[in-house]
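Everything below concerns the one structure shown next.
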Amino acid sequence: MFARHIQQSLAFANIVRLMAVAAAVALFGTGMCGFLGYYKFKSAIEAAARSRMSVPAASVRAGAEASLSLGVPLAGQTRALLQRERSADPEIVEIAVVDVAGRTLLHTDPHGAAPPPGEVDEVRMPMRNSFDQPLGDVVVRYAGESSRGALARMRGRLAVIVAAGWAGSTLLAAAGIALVTRRGSAPR
């Protein structure tokens, strides 16, 4: 009787150890799925935002290159184009045309105050003349608030999904281990 009790307690300790390993493996697997899913979503959101901001940058670049190729200085028409493109998307903070040295030639901000770094992202498109010489860049600075908000919501959802997946995987592993140990301890 005493030997059987020791044998059962050792079997229980092995089952607990096996369950701990199964829970750790399930946590690692679901955690990695959540981690990779989050970064895939993040890269898709960032690519979509960059693509969306490339449209006004390309439009301004085409207008500025056309003006410069005709020898017309960047002035009224280009400034109107900058304002029109800026008003097309509410997330655009500033559109600027800079020369090769990085000096701002034209921009949409009338006060000339630069947006705070870290709060805005930017898309740069190089401008070239008809001889393929660099003329400068068109810079579109935009607030990524909607992207950051979407990422924060996705983090919360993924945490719930990972927790539910881990709990489900652990319960499934426990049921499998219980089934195997019952079959193994049944008389033959």
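Here, A, B, ... name the chains of the structure tokens in the order displayed, residue numbers run from 1 inside each chain, and ligands are numbered from 1 in the same displayed order.
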
Which of segment 48-170 of chain A fall in alpha helix (DSSP H), as a PyMOL selection string: chain A and resi 48-69+76-88+145-170

Expected answer as a PyMOL selection string: strand (DSSP E or B) residues in segment 134-176 of chain A: chain A and resi 134-143

Counting only C-alpha atoms, the residue of A:Gly136, A:Pro56, A:Pro126, A:Pro73 that sits nearest Arg86 of chain A: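 Distance minimum relative to Arg86 of chain A lands on A:Pro56.
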
Long-range neighbours of Trp166 of chain A as a list in words, 8 Å cut-off, only C-alpha atoms, 6 positions minimum in chain: Ala23, Ala26, Leu27 and Thr30 of chain A

Would you save the residues of that selection, restricted to C-alpha atoms, as a compact mmCIF listing (two decimals), in the first residue's frame?
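Listed below is the output, selection08.txt:
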```txt
# COMPACT_ATOMS: atom_id res chain seq x y z
CA ALA A 23 2.17 25.11 -20.71
CA ALA A 26 2.08 26.62 -25.52
CA LEU A 27 2.97 30.04 -24.10
CA THR A 30 1.11 31.54 -28.92
```

Polymer residues at most 12 Å from Tyr39 of chain A, only C-alpha atoms, same-chain spacing of 5 or more positions, as a list in words: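 After dropping sequence-adjacent residues, the list is Met32, Cys33, Gly34, Ala44, Ile45, Glu46, Leu151, Met154, Arg155 and Leu158 of chain A.
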
Skipping near chain neighbours, those fewer than 3 positions away, what residues fall within 10 Å of Ala58 of chain A using only C-alpha atoms, listed as a PDB file with N, CA and C atoms, in the first residue's frame?
```
ATOM      1  N   MET A  53       0.901  58.884 -48.271  1.00  0.00           N
ATOM      2  CA  MET A  53       1.572  60.179 -48.276  1.00  0.00           C
ATOM      3  C   MET A  53       2.467  60.360 -49.495  1.00  0.00           C
ATOM      4  N   SER A  54       2.739  59.293 -50.207  1.00  0.00           N
ATOM      5  CA  SER A  54       3.540  59.406 -51.429  1.00  0.00           C
ATOM      6  C   SER A  54       2.765  60.067 -52.556  1.00  0.00           C
ATOM      7  N   VAL A  55       1.451  59.987 -52.511  1.00  0.00           N
ATOM      8  CA  VAL A  55       0.623  60.584 -53.572  1.00  0.00           C
ATOM      9  C   VAL A  55       0.766  62.107 -53.602  1.00  0.00           C
ATOM     10  N   ARG A  61       6.132  67.033 -56.403  1.00  0.00           N
ATOM     11  CA  ARG A  61       7.386  66.842 -57.137  1.00  0.00           C
ATOM     12  C   ARG A  61       7.192  67.099 -58.626  1.00  0.00           C
ATOM     13  N   ALA A  62       6.117  66.563 -59.196  1.00  0.00           N
ATOM     14  CA  ALA A  62       5.865  66.765 -60.624  1.00  0.00           C
ATOM     15  C   ALA A  62       5.674  68.249 -60.938  1.00  0.00           C
ATOM     16  N   GLY A  63       4.920  68.953 -60.105  1.00  0.00           N
ATOM     17  CA  GLY A  63       4.708  70.385 -60.330  1.00  0.00           C
ATOM     18  C   GLY A  63       5.987  71.193 -60.184  1.00  0.00           C
ATOM     19  N   ALA A  64       6.773  70.885 -59.154  1.00  0.00           N
ATOM     20  CA  ALA A  64       8.022  71.622 -58.929  1.00  0.00           C
ATOM     21  C   ALA A  64       9.039  71.324 -60.022  1.00  0.00           C
ATOM     22  N   ARG A 124      10.073  61.375 -48.115  1.00  0.00           N
ATOM     23  CA  ARG A 124      10.911  62.235 -48.957  1.00  0.00           C
ATOM     24  C   ARG A 124      10.927  61.678 -50.373  1.00  0.00           C
ATOM     25  N   MET A 125      10.755  62.579 -51.327  1.00  0.00           N
ATOM     26  CA  MET A 125      10.853  62.206 -52.738  1.00  0.00           C
ATOM     27  C   MET A 125      11.873  63.119 -53.391  1.00  0.00           C
ATOM     28  N   PRO A 126      12.900  62.529 -53.988  1.00  0.00           N
ATOM     29  CA  PRO A 126      13.921  63.370 -54.631  1.00  0.00           C
ATOM     30  C   PRO A 126      13.396  64.005 -55.920  1.00  0.00           C
ATOM     31  N   MET A 127      13.864  65.225 -56.168  1.00  0.00           N
ATOM     32  CA  MET A 127      13.539  65.921 -57.417  1.00  0.00           C
ATOM     33  C   MET A 127      14.800  65.935 -58.277  1.00  0.00           C
ATOM     34  N   VAL A 138      11.157  66.745 -52.023  1.00  0.00           N
ATOM     35  CA  VAL A 138       9.840  67.123 -51.532  1.00  0.00           C
ATOM     36  C   VAL A 138       9.643  66.317 -50.257  1.00  0.00           C
ATOM     37  N   VAL A 140       7.094  65.394 -47.164  1.00  0.00           N
ATOM     38  CA  VAL A 140       5.741  65.417 -46.608  1.00  0.00           C
ATOM     39  C   VAL A 140       5.847  64.891 -45.182  1.00  0.00           C
TER      40      VAL A 140
END
```

Spatial neighbours of Glu65 of chain A, max dist 9 Å, only C-alpha atoms, sep filter under 6 positions, as a VMD selection string: chain A and resid 127 to 130 135

Got time to write the residues from that selection, N, CA, C and O atoms, as a tab-separated table (two decimals), in the first residue's frame?
```tsv
chain	number	residue	atom	x	y	z
A	127	MET	N	13.86	65.23	-56.17
A	127	MET	CA	13.54	65.92	-57.42
A	127	MET	C	14.80	65.94	-58.28
A	127	MET	O	15.90	66.13	-57.77
A	128	ARG	N	14.61	65.74	-59.58
A	128	ARG	CA	15.72	65.75	-60.52
A	128	ARG	C	15.33	66.58	-61.74
A	128	ARG	O	14.17	66.62	-62.11
A	129	ASN	N	16.34	67.20	-62.36
A	129	ASN	CA	16.04	67.95	-63.57
A	129	ASN	C	16.12	67.03	-64.78
A	129	ASN	O	16.34	65.82	-64.63
A	130	SER	N	15.95	67.59	-65.96
A	130	SER	CA	15.94	66.76	-67.17
A	130	SER	C	17.31	66.15	-67.48
A	130	SER	O	17.41	65.23	-68.29
A	135	LEU	N	17.91	68.12	-57.63
A	135	LEU	CA	17.46	69.47	-57.35
A	135	LEU	C	17.10	69.67	-55.89
A	135	LEU	O	17.02	70.79	-55.41
```

Proximity to Ala164 of chain A - best of A:Glu122, A:Gly71, A:Ala66, A:Gly31, only C-alpha atoms: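 Comparing A:Glu122, A:Gly71, A:Ala66, A:Gly31 against Ala164 of chain A, the winner is A:Gly31.
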
Spatial neighbours of Arg103 of chain A, max dist 12 Å, only C-alpha atoms, sep filter under 2 positions, as a ChimeraX atom specification: /A:96-101,105-107,135-139

Could you save those same residues with C-alpha atoms as a short mmCIF file (atom, residue, chain, number, x, y, z; two decimals), in the first residue's frame?
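And here's out.cif as it stands now:
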```
data_model
loop_
_atom_site.label_atom_id
_atom_site.label_comp_id
_atom_site.auth_asym_id
_atom_site.auth_seq_id
_atom_site.Cartn_x
_atom_site.Cartn_y
_atom_site.Cartn_z
CA ALA A 96 8.14 71.37 -47.93
CA VAL A 97 10.43 71.68 -50.92
CA VAL A 98 14.08 71.63 -49.88
CA ASP A 99 17.21 72.10 -51.98
CA VAL A 100 20.16 69.73 -52.17
CA ALA A 101 21.78 71.36 -49.12
CA LEU A 105 12.68 76.71 -50.38
CA LEU A 106 8.91 76.49 -49.94
CA HIS A 107 6.69 75.07 -47.24
CA LEU A 135 17.46 69.47 -57.35
CA GLY A 136 16.39 68.66 -53.81
CA ASP A 137 13.54 66.84 -52.13
CA VAL A 138 9.84 67.12 -51.53
CA VAL A 139 9.19 66.34 -47.87
#
```

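Interatomic distance, atom CA of Ala159 of chain A against atom CA of Phe35 of chain A: 9.5 Å.
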